[in-house]
Structures are given as C-alpha cells and as structure tokens.
>>> print(open('coords38.csv').read())   # CSV, C-alpha atoms and all ligand atoms
chain,number,residue,atom,x,y,z
A,31,MET,CA,9.4,-0.2,-12.7
A,32,GLU,CA,6.5,2.3,-12.9
A,33,ILE,CA,5.3,3.5,-9.5
A,34,ARG,CA,2.2,5.7,-9.2
A,35,THR,CA,2.3,8.2,-6.4
A,36,PHE,CA,-0.2,11.1,-5.7
A,37,ASP,CA,0.7,14.5,-4.4
A,38,TYR,CA,-2.4,15.6,-2.6
A,39,GLU,CA,-3.1,19.3,-2.2
A,40,PRO,CA,-3.8,20.3,1.4
A,41,HIS,CA,-6.4,22.9,2.2
A,42,GLY,CA,-4.2,24.9,4.5
A,43,ASP,CA,-5.1,28.0,6.4
A,44,ASN,CA,-4.2,29.6,9.7
A,45,ARG,CA,-6.1,26.8,11.6
A,46,GLY,CA,-3.9,24.1,10.1
A,47,GLN,CA,-4.1,21.6,7.2
A,48,LEU,CA,-6.9,19.4,5.8
A,49,VAL,CA,-6.5,16.8,3.0
A,50,ALA,CA,-9.7,15.5,1.4
A,51,LEU,CA,-9.7,12.5,-0.9
A,52,GLU,CA,-12.4,11.5,-3.3
A,53,GLU,CA,-12.6,8.2,-5.2
A,54,GLN,CA,-11.7,8.1,-8.8
A,55,LYS,CA,-10.3,11.7,-8.6
A,56,ASP,CA,-7.7,11.1,-5.9
A,57,PHE,CA,-7.3,7.4,-6.2
A,58,PRO,CA,-8.5,5.0,-8.9
A,59,PHE,CA,-11.0,2.8,-7.1
A,60,ALA,CA,-13.9,2.9,-4.7
A,61,VAL,CA,-13.0,2.4,-1.1
A,62,LYS,CA,-14.6,-0.6,0.7
A,63,ARG,CA,-12.2,-0.7,3.7
A,64,VAL,CA,-9.9,1.6,5.6
A,65,TYR,CA,-7.3,0.5,8.1
A,66,TYR,CA,-4.3,2.1,9.8
A,67,ILE,CA,-1.0,0.8,11.3
A,68,TYR,CA,0.7,2.5,14.2
A,69,ASP,CA,3.0,1.7,17.1
A,70,THR,CA,5.2,-0.4,14.8
A,71,LEU,CA,8.8,-0.7,16.0
A,72,SER,CA,11.5,0.6,13.7
A,73,ASP,CA,13.1,-2.9,13.3
A,74,VAL,CA,9.8,-4.5,12.3
A,75,VAL,CA,9.1,-5.4,8.7
A,76,ARG,CA,5.3,-5.8,8.0
A,77,GLY,CA,3.5,-6.9,4.9
A,78,HIS,CA,5.4,-9.7,3.2
A,79,HIS,CA,2.5,-10.4,0.9
A,80,ALA,CA,0.9,-9.7,-2.4
A,81,HIS,CA,-2.8,-9.5,-3.4
A,82,LYS,CA,-4.5,-11.2,-6.3
A,83,CYS,CA,-7.2,-8.5,-6.7
A,84,LEU,CA,-6.9,-5.8,-4.0
A,85,LYS,CA,-5.9,-2.3,-4.9
A,86,GLN,CA,-4.7,0.1,-2.2
A,87,VAL,CA,-3.4,3.6,-1.6
A,88,LEU,CA,-1.0,4.0,1.3
A,89,ILE,CA,-0.6,7.4,3.1
A,90,CYS,CA,1.7,7.9,6.0
A,91,VAL,CA,-0.5,10.5,7.7
A,92,HIS,CA,2.0,11.0,10.5
A,93,GLY,CA,5.7,10.2,10.8
A,94,SER,CA,7.4,8.2,8.1
A,95,CYS,CA,8.0,4.7,6.8
A,96,MET,CA,9.5,2.9,3.8
A,97,ILE,CA,7.7,0.7,1.3
A,98,HIS,CA,9.5,-2.1,-0.6
A,99,LEU,CA,7.7,-3.1,-3.8
A,100,ASP,CA,8.4,-6.1,-6.1
A,101,ASN,CA,6.5,-7.0,-9.3
A,102,GLY,CA,8.3,-10.3,-9.7
A,103,HIS,CA,10.9,-8.7,-12.0
A,104,GLU,CA,12.0,-5.5,-10.5
A,105,THR,CA,12.0,-3.9,-7.0
A,106,CYS,CA,11.9,-0.4,-5.7
A,107,GLU,CA,11.8,1.5,-2.4
A,108,VAL,CA,9.4,4.3,-1.8
A,109,ALA,CA,9.6,6.7,1.2
A,110,LEU,CA,6.3,7.8,2.6
A,111,ASP,CA,7.3,10.8,4.7
A,112,LYS,CA,4.5,13.4,4.4
A,113,PRO,CA,0.7,13.3,4.9
A,114,THR,CA,0.1,14.6,1.3
A,115,LYS,CA,1.8,11.7,-0.5
A,116,GLY,CA,-0.2,8.7,-1.6
A,117,LEU,CA,1.3,5.5,-3.0
A,118,TYR,CA,-0.9,3.4,-5.2
A,119,ILE,CA,-0.3,-0.4,-5.0
A,120,GLU,CA,-2.1,-2.5,-7.5
A,121,ASN,CA,-2.8,-6.2,-7.3
A,122,ASP,CA,0.1,-8.7,-8.1
A,123,MET,CA,2.6,-6.6,-6.2
A,124,TRP,CA,4.7,-7.9,-3.4
A,125,ARG,CA,5.1,-5.3,-0.6
A,126,GLU,CA,7.0,-4.9,2.6
A,127,MET,CA,6.7,-1.9,5.0
A,128,TYR,CA,9.7,-1.1,7.2
A,129,ASP,CA,11.7,1.7,8.9
A,130,PHE,CA,8.6,3.0,10.7
A,131,SER,CA,9.4,6.1,12.7
A,132,PRO,CA,8.1,5.8,16.3
A,133,ASP,CA,5.2,8.3,15.5
A,134,ALA,CA,4.3,6.7,12.2
A,135,VAL,CA,0.6,6.2,11.3
A,136,LEU,CA,0.2,4.5,8.0
A,137,LEU,CA,-3.3,4.9,6.6
A,138,VAL,CA,-4.5,2.4,3.9
A,139,LEU,CA,-7.4,2.8,1.6
A,140,ALA,CA,-8.5,-0.5,0.1
A,141,SER,CA,-10.7,-1.5,-2.8
A,142,GLU,CA,-12.1,-4.6,-1.2
A,143,LEU,CA,-13.2,-6.0,2.2
A,144,TYR,CA,-10.7,-8.1,4.1
A,145,ASP,CA,-10.4,-11.5,2.4
A,146,GLU,CA,-7.6,-13.9,3.4
A,147,THR,CA,-8.0,-15.9,0.2
A,148,ASP,CA,-6.8,-12.8,-1.8
A,149,TYR,CA,-3.4,-12.9,-0.1
A,150,ILE,CA,-0.3,-14.5,-1.4
A,151,ARG,CA,1.9,-14.8,1.7
A,152,ASP,CA,4.7,-17.0,0.3
A,153,TYR,CA,7.3,-15.2,-2.0
A,154,ASP,CA,8.0,-18.3,-4.1
A,155,GLU,CA,4.3,-18.8,-4.6
A,156,PHE,CA,4.1,-15.1,-5.7
A,157,LEU,CA,6.8,-15.6,-8.3
A,158,LYS,CA,5.0,-18.7,-9.6
A,159,PHE,CA,1.7,-16.8,-9.7
A,160,ILE,CA,3.2,-14.0,-11.7
A,161,LYS,CA,4.9,-16.4,-14.2
A,162,ALA,CA,1.7,-18.3,-14.6
A,163,LYS,CA,-0.3,-15.1,-15.3
A,164,GLU,CA,2.3,-14.0,-17.8
A,165,SER,CA,2.3,-17.3,-19.7
A,166,GLU,CA,-1.5,-17.1,-20.0
A,167,ALA,CA,-1.3,-13.6,-21.5
B,201,LIG,P1,-1.4,-8.4,8.7
B,201,LIG,O1,-1.9,-8.9,7.3
B,201,LIG,O2,-0.4,-9.3,9.4
B,201,LIG,O3,-0.7,-7.0,8.6
B,201,LIG,P2,0.5,-6.4,7.7
B,201,LIG,O4,0.1,-6.6,6.3
B,201,LIG,O5,0.7,-5.0,8.1
B,201,LIG,O6,1.7,-7.2,8.1
B,201,LIG,O7,-2.7,-8.2,9.6
B,201,LIG,C1,-2.6,-8.2,11.0
B,201,LIG,C2,-3.9,-8.7,11.6
B,201,LIG,O8,-5.0,-7.9,11.3
B,201,LIG,C3,-4.2,-10.1,11.1
B,201,LIG,O9,-4.6,-10.9,12.1
B,201,LIG,C4,-5.3,-9.9,10.1
B,201,LIG,C5,-6.0,-8.7,10.7
B,201,LIG,N1,-6.6,-7.8,9.7
B,201,LIG,C6,-8.0,-7.7,9.6
B,201,LIG,O10,-8.7,-8.3,10.4
B,201,LIG,N2,-8.6,-6.8,8.7
B,201,LIG,C7,-7.8,-6.1,7.8
B,201,LIG,O11,-8.4,-5.4,7.0
B,201,LIG,C8,-6.4,-6.3,7.9
B,201,LIG,C9,-5.5,-5.5,6.9
B,201,LIG,C10,-5.8,-7.1,8.8
>>> encode(input="coords38.csv", output="structure tokens")
Amino acid sequence: MEIRTFDYEPHGDNRGQLVALEEQKDFPFAVKRVYYIYDTLSDVVRGHHAHKCLKQVLICVHGSCMIHLDNGHETCEVALDKPTKGLYIENDMWREMYDFSPDAVLLVLASELYDETDYIRDYDEFLKFIKAKESEA
C-alpha cells in the first residue's frame, strides 16, 4: 500500500523552529479548511470514516499519535511523531486516529469545506463503495 508522507524542512535558528507550508509545493491541493484535534485521551480512537472527495494532510504539530489507514484491500499504520512530518490522505481511504499522547495536537489541512454528505461512516458501506467504484473502472 503506497502511503505519501512529507518531510518538511524547518527554518530553524537560535530563536526556535518555523515550518511554512505552501499549497501545491508542500501538499497537493488548495486548502479550504483547517482544523486541529487536541485533549484526546490515549484510549480514544477517532475517525472511523472515509471521504468520497476530500483530501487531507495530517501533521501532529505537538506530541504524537498513530494513524490507521485502509484502502479496502490493505491496511497500514503510520506514526505521526514530529511537527515536520505530513501524512497525505486521499479520498476513498478509511482512517482511524489513536494512541494520542496527552500533549498531542493533530493539525489537519483539508481540500474542502466541512460536508457531512462527503463522509462514509460505516465500514461495510465503505467496502461496498470501493467495490462499486472498482467495478465501474
Ligand atoms: P468528528 O468527525 O467526529 O471527528 P473525528 O473525525 O476526529 O472523529 O467531528 C467532531 C465534531 O466536529 C462533529 O460534531 C463534527 C464537527 N466538525 C465540524 O463542525 N467541522 C469540521 O471541519 C470537522 C472535521 C468536524
């Protein structure tokens, strides 16, 4: 399963670190929405959904968390444990976020505004959606 991650170069000097991200150069879409997740307990699993169209980049800008990805055929686990690592998640990908450290802040850059109709929140429905798309292709 091919996973696209980004290794962002910080502008570090004796004052600290700064990471700047520009659309198309540092992630492959224009950002319409930004949100961040924090104060998530370590035994909580978030996500449990896929998107029909939305593309996202996840960056754990503080602390760490794990991301479970599932394309309907294969799964993988990605550790987000530094503020310079971005994980690109395309549409048609089931995701779960777990193992949040107490100090974790997960920043999400999203290609579309919030749209509940873009969500697939049922795993069996996700598998059916993927199969239907593949049989159309
Ligand atoms: P939810 O989809 O449950 O988060 P997660 O994917 O991390 O499990 O979202 C939590 C709440 O926030 C839910 O009521 C929807 C709302 N929300 C927005 O209003 N705008 C957004 O951009 C997002 C991502 C969520």
>>> closest_residue(input="coords38.csv", among="A:Met127, A:Ile150, A:Leu48, A:Ile160", to="Leu88 (chain A)", atoms="only C-alpha atoms")
A:Met127
>>> residues_near_ligand(input="coords38.csv", ligand="ligand LIG 201 (chain B)", cutoff="8 Å", atoms="all atoms listed in the file", output="PyMOL selection string")
chain A and resi 63-65+67+75-79+126-127+143-145
>>> closest_residue(input="coords38.csv", among="A:Thr114, A:Ser131, A:Ala162, A:Leu84", to="Gly42 (chain A)", atoms="all atoms listed in the file")
A:Thr114
>>> residues_near_point(input="coords38.csv", point="(5.7, -14.9, -2.0)", cutoff="12 Å", atoms="only C-alpha atoms", output="PDB file with C-alpha atoms, keeping the file's coordinate frame")
ATOM      1  CA  GLY A  77       3.500  -6.900   4.900  1.00  0.00           C
ATOM      2  CA  HIS A  78       5.400  -9.700   3.200  1.00  0.00           C
ATOM      3  CA  HIS A  79       2.500 -10.400   0.900  1.00  0.00           C
ATOM      4  CA  ALA A  80       0.900  -9.700  -2.400  1.00  0.00           C
ATOM      5  CA  HIS A  81      -2.800  -9.500  -3.400  1.00  0.00           C
ATOM      6  CA  LYS A  82      -4.500 -11.200  -6.300  1.00  0.00           C
ATOM      7  CA  ASP A 100       8.400  -6.100  -6.100  1.00  0.00           C
ATOM      8  CA  ASN A 101       6.500  -7.000  -9.300  1.00  0.00           C
ATOM      9  CA  GLY A 102       8.300 -10.300  -9.700  1.00  0.00           C
ATOM     10  CA  ASP A 122       0.100  -8.700  -8.100  1.00  0.00           C
ATOM     11  CA  MET A 123       2.600  -6.600  -6.200  1.00  0.00           C
ATOM     12  CA  TRP A 124       4.700  -7.900  -3.400  1.00  0.00           C
ATOM     13  CA  ARG A 125       5.100  -5.300  -0.600  1.00  0.00           C
ATOM     14  CA  GLU A 126       7.000  -4.900   2.600  1.00  0.00           C
ATOM     15  CA  TYR A 149      -3.400 -12.900  -0.100  1.00  0.00           C
ATOM     16  CA  ILE A 150      -0.300 -14.500  -1.400  1.00  0.00           C
ATOM     17  CA  ARG A 151       1.900 -14.800   1.700  1.00  0.00           C
ATOM     18  CA  ASP A 152       4.700 -17.000   0.300  1.00  0.00           C
ATOM     19  CA  TYR A 153       7.300 -15.200  -2.000  1.00  0.00           C
ATOM     20  CA  ASP A 154       8.000 -18.300  -4.100  1.00  0.00           C
ATOM     21  CA  GLU A 155       4.300 -18.800  -4.600  1.00  0.00           C
ATOM     22  CA  PHE A 156       4.100 -15.100  -5.700  1.00  0.00           C
ATOM     23  CA  LEU A 157       6.800 -15.600  -8.300  1.00  0.00           C
ATOM     24  CA  LYS A 158       5.000 -18.700  -9.600  1.00  0.00           C
ATOM     25  CA  PHE A 159       1.700 -16.800  -9.700  1.00  0.00           C
ATOM     26  CA  ILE A 160       3.200 -14.000 -11.700  1.00  0.00           C
TER      27      ILE A 160
END
>>> closest_residue(input="coords38.csv", among="A:Ala109, A:Thr70, A:Val87, A:Lys161", to="Ala134 (chain A)", atoms="only C-alpha atoms")
A:Thr70
>>> atom_distance(input="coords38.csv", atom1="CA of Lys112 (chain A)", atom2="CA of Ile89 (chain A)")
8.0 Å
>>> closest_residue(input="coords38.csv", among="A:Ala140, A:Phe57, A:Cys90, A:Cys83", to="Arg34 (chain A)", atoms="only C-alpha atoms")
A:Phe57
>>> atom_distance(input="coords38.csv", atom1="CA of His103 (chain A)", atom2="CA of Tyr118 (chain A)")
18.2 Å
>>> closest_residue(input="coords38.csv", among="A:Ala167, A:Asn121, A:Cys95, A:Val108", to="Leu71 (chain A)", atoms="all atoms listed in the file")
A:Cys95
>>> residues_around(input="coords38.csv", residues="Met31 (chain A)", least_positions_apart="3", cutoff="8 Å", atoms="all atoms listed in the file", output="ChimeraX atom specification")
/A:104-106
>>> closest_residue(input="coords38.csv", among="A:Val91, A:Ala50, A:Leu117, A:Met96", to="Leu136 (chain A)", atoms="all atoms listed in the file")
A:Val91
